[in-house]
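**Student:** Next up is a structure, given as structure tokens.
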Amino acid sequence: MGATPTSRFEALVATQASISQIAHTKLLTTLTVITAKITLFEFKRELMTVPEALYESSLPSLKLRARGKVRDIYDIDDQHMLIVSTDRLSAFDVILPDPIPGKGRVLTSVSNFWFEKMTHVMPNHLTDIPLEQIIPDVAERAQIEGRAIVVKLLKPLPVEAIVRGYLIGSGWKDYQKTGAICGIQLPEGLQQAQQLPEAIYTPSTKAAVDQHDENVTFEATVDLIGRDLAEKVRDASLTLYREAAAYAKERGIIIADTKFEFGVDEEGVLYLIDEALTPDSSRFWPADQYQVGISPPSFDKQYIRDYLETLDWNKTAPGPHLPPEVAAYCAEKYREAEVRLTQG
Ligand SMILES: Nc1ncnc2c1ncn2[C@@H]1O[C@H](COP(=O)(O)OP(=O)(O)O)[C@@H](O)[C@H]1O
Ligand SMILES: [Mg+2]
């Protein structure tokens, strides 16, 4: 039986309704796709927006005290100074000619995070003096926002307090040659990047600009700063490393090794100074890619070191230029380490 005109009409209406419904759904889908595309574009643009790089700061209202490899230091008064973390990158103790955009901000935020987290182990050089108080001019301050801290001016000890939890870098090289690092005898048959039975303290002396730091024995640091301070520095360094390494491990980061600096005030009280547990002062490895026997990929400037090892460069100044994609990748890795550690 053929359909009656009424039912045919109804069928037509129904068809049209479903067509318009399909059209409507299609339109919605299209809109959703467009919105998603815009969001993705915005997101990508945000990712691609290279943060403004600061290679060298210039603050007319303060007197420049020194430019370190990474930090610019300004005098405030006889008790305080301003530390600005720039985007300079030093590798093999040579300052490279290109900045890593945003790196100084990451260093500042990661350091501040650890300083605050570790106050129970050791006092640090941070003060609560706001930047606005030191640099009231908004435009001048804008240059260093997020990358400057007002710190207690202390007397830095001439020792780099290095702690190693894993066998890598110069430690691995020393071990291969001598079976020991800084005079500390290690078990035989350890492999590259292997975790040590326990973390070890392997100090070095702070080298002058353009010189390489030199690994020394613990007793050599006793000669430099006295037994009491040398022991305090060693013990604090090991505690700081152990606590930080355990925390970072839970966030998927292995802290293979790290370097602390300490300073004393006029009463001889010991403080943690400089930077702490950043990708610059440490080797950070993603835990999920860690493998004994190879140098793991890393969040830190190891990536740059590895790149530099592929070049025919004798590791003395001047350093080579970095391809933009290498610098950008490095910036991204710094940022990733910050997010994992401080926002995890
Ligand atoms: N609170 C402090 N008091 C005095 N000196 C400090 C303090 N914190 C850091 N420093 C020193 O400031 C310098 C930081 O700049 P940086 O670029 O890291 O220098 P370096 O080239 O020596 O690594 C280091 O020499 C460090 O010892
Ligand atoms: Mg330094």
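As shown in the structure tokens, the chain order sets the letters A, B, ...; within each chain, residues go from 1, and ligands are also counted from 1 in the order they appear.
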Go through stretch 19-200 of chain A and collect every residue that DSSP, computed from the backbone, puts in helix (DSSP H, G or I); the answer should be as a VMD selection string.
**Tutor:** chain A and resid 19 to 48 103 to 117 131 to 134 138 to 142 169 to 178
**Student:** Could you list, with a cut-off of 8 Å and counting only C-alpha atoms and all ligand atoms, the residues of chain A near ligand 2, each shown with its nearest atom pair and the distance in Å rounded to one decimal, rows sorted by chain and ascending number, as a Markdown table?
**Tutor:**
| residue | atom | partner | partner_atom_place_in_ligand_line | distance |
| --- | --- | --- | --- | --- |
| A:Gly68 | CA | ligand 2 | 1 (Mg) | 6.8 |
| A:Lys69 | CA | ligand 2 | 1 (Mg) | 6.4 |
| A:Val70 | CA | ligand 2 | 1 (Mg) | 6.4 |
| A:Arg71 | CA | ligand 2 | 1 (Mg) | 7.2 |
| A:Asp274 | CA | ligand 2 | 1 (Mg) | 6.7 |
| A:Glu275 | CA | ligand 2 | 1 (Mg) | 7.2 |
| A:Ser281 | CA | ligand 2 | 1 (Mg) | 7.6 |
**Student:** Write out as an MDAnalysis selection string the residues lying within 9 Å of A:Pro318, counting only C-alpha atoms and excluding same-chain residues fewer than 6 positions away.
**Tutor:** chainID A and resid 94:97
**Student:** Excluding stretch 105-115 of chain A and its own-chain neighbours fewer than 3 positions away, which residues fall within 7 Å of it when counting only C-alpha atoms? Please give them as a ChimeraX atom specification.
**Tutor:** /A:85,102,118-119,124,146-147,275-278,334-335,338,342
**Student:** Print the selection's residues with N, CA and C atoms to a file, as a PDB file, in the first residue's frame.
**Tutor:**
ATOM      1  N   SER A  85      68.925  36.884  38.038  1.00  0.00           N
ATOM      2  CA  SER A  85      69.279  35.715  37.220  1.00  0.00           C
ATOM      3  C   SER A  85      68.954  36.040  35.771  1.00  0.00           C
ATOM      4  N   GLY A 102      63.835  33.023  29.212  1.00  0.00           N
ATOM      5  CA  GLY A 102      63.038  32.648  30.380  1.00  0.00           C
ATOM      6  C   GLY A 102      63.779  31.819  31.414  1.00  0.00           C
ATOM      7  N   MET A 118      63.389  24.028  52.421  1.00  0.00           N
ATOM      8  CA  MET A 118      64.506  23.453  53.186  1.00  0.00           C
ATOM      9  C   MET A 118      64.906  24.292  54.408  1.00  0.00           C
ATOM     10  N   THR A 119      64.057  25.212  54.822  1.00  0.00           N
ATOM     11  CA  THR A 119      64.445  26.075  55.954  1.00  0.00           C
ATOM     12  C   THR A 119      64.691  25.260  57.224  1.00  0.00           C
ATOM     13  N   ASN A 124      68.692  30.312  54.807  1.00  0.00           N
ATOM     14  CA  ASN A 124      69.177  30.707  53.478  1.00  0.00           C
ATOM     15  C   ASN A 124      69.277  32.222  53.372  1.00  0.00           C
ATOM     16  N   GLY A 146      60.420  38.888  38.411  1.00  0.00           N
ATOM     17  CA  GLY A 146      60.399  37.422  38.411  1.00  0.00           C
ATOM     18  C   GLY A 146      61.773  36.781  38.366  1.00  0.00           C
ATOM     19  N   ARG A 147      62.808  37.602  38.250  1.00  0.00           N
ATOM     20  CA  ARG A 147      64.147  37.004  38.149  1.00  0.00           C
ATOM     21  C   ARG A 147      65.137  37.699  39.078  1.00  0.00           C
ATOM     22  N   GLU A 275      72.181  29.720  44.334  1.00  0.00           N
ATOM     23  CA  GLU A 275      70.973  29.068  43.843  1.00  0.00           C
ATOM     24  C   GLU A 275      70.927  27.679  44.461  1.00  0.00           C
ATOM     25  N   ALA A 276      69.767  27.063  44.454  1.00  0.00           N
ATOM     26  CA  ALA A 276      69.692  25.727  45.048  1.00  0.00           C
ATOM     27  C   ALA A 276      68.847  24.795  44.207  1.00  0.00           C
ATOM     28  N   LEU A 277      69.426  23.640  43.881  1.00  0.00           N
ATOM     29  CA  LEU A 277      68.693  22.547  43.245  1.00  0.00           C
ATOM     30  C   LEU A 277      67.927  22.981  41.992  1.00  0.00           C
ATOM     31  N   THR A 278      68.616  23.746  41.155  1.00  0.00           N
ATOM     32  CA  THR A 278      68.025  24.169  39.877  1.00  0.00           C
ATOM     33  C   THR A 278      68.584  23.284  38.765  1.00  0.00           C
ATOM     34  N   TYR A 334      63.732  23.589  30.712  1.00  0.00           N
ATOM     35  CA  TYR A 334      63.838  24.313  31.993  1.00  0.00           C
ATOM     36  C   TYR A 334      62.446  24.525  32.576  1.00  0.00           C
ATOM     37  N   ARG A 335      61.554  24.988  31.703  1.00  0.00           N
ATOM     38  CA  ARG A 335      60.180  25.289  32.127  1.00  0.00           C
ATOM     39  C   ARG A 335      59.483  24.015  32.632  1.00  0.00           C
ATOM     40  N   GLU A 338      60.573  23.134  36.059  1.00  0.00           N
ATOM     41  CA  GLU A 338      59.947  24.028  37.035  1.00  0.00           C
ATOM     42  C   GLU A 338      58.521  23.573  37.341  1.00  0.00           C
ATOM     43  N   THR A 342      57.577  22.421  41.060  1.00  0.00           N
ATOM     44  CA  THR A 342      56.901  23.402  41.912  1.00  0.00           C
ATOM     45  C   THR A 342      55.388  23.371  41.783  1.00  0.00           C
TER      46      THR A 342
END
**Student:** Check every protein, DNA and RNA residue against ligand 1, keep those with an atom at most 7 Å away (counting only C-alpha atoms and all ligand atoms), and present them as a VMD selection string.
**Tutor:** chain A and resid 67 to 73 125 151 to 156 209 261 263 273 to 274
**Student:** Per residue of stretch 193-277 of chain A within 7 Å of stretch 163-177 of chain A, what are the shortest atom pair and its distance in Å to one decimal, counting only C-alpha atoms, with rows by chain and residue number, as a tab-separated table?
**Tutor:**
residue	atom	partner	partner_atom	distance
A:Ala193	CA	A:Leu167	CA	4.7
A:Gln194	CA	A:Leu167	CA	5.4
A:Gln195	CA	A:Tyr166	CA	4.2
A:Leu196	CA	A:Tyr166	CA	5.3
A:Glu198	CA	A:Gly165	CA	6.6
A:Ala199	CA	A:Gly165	CA	4.3
A:Ile200	CA	A:Arg164	CA	5.4
A:Tyr201	CA	A:Val163	CA	4.6
A:Thr202	CA	A:Val163	CA	5.9
A:Ser237	CA	A:Val163	CA	6.8
A:Leu238	CA	A:Val163	CA	6.5
A:Tyr241	CA	A:Val163	CA	6.8
A:Ala256	CA	A:Tyr166	CA	5.1
A:Asp257	CA	A:Arg164	CA	4.3
A:Thr258	CA	A:Val163	CA	5.5
A:Lys259	CA	A:Val163	CA	6.4
**Student:** Go through A:Pro60, A:Pro279, A:Pro320, A:Gly252 and flag the residue nearest A:Gln143, using only C-alpha atoms for the distances.
**Tutor:**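 Closest to A:Gln143, using only C-alpha atoms: A:Pro60.
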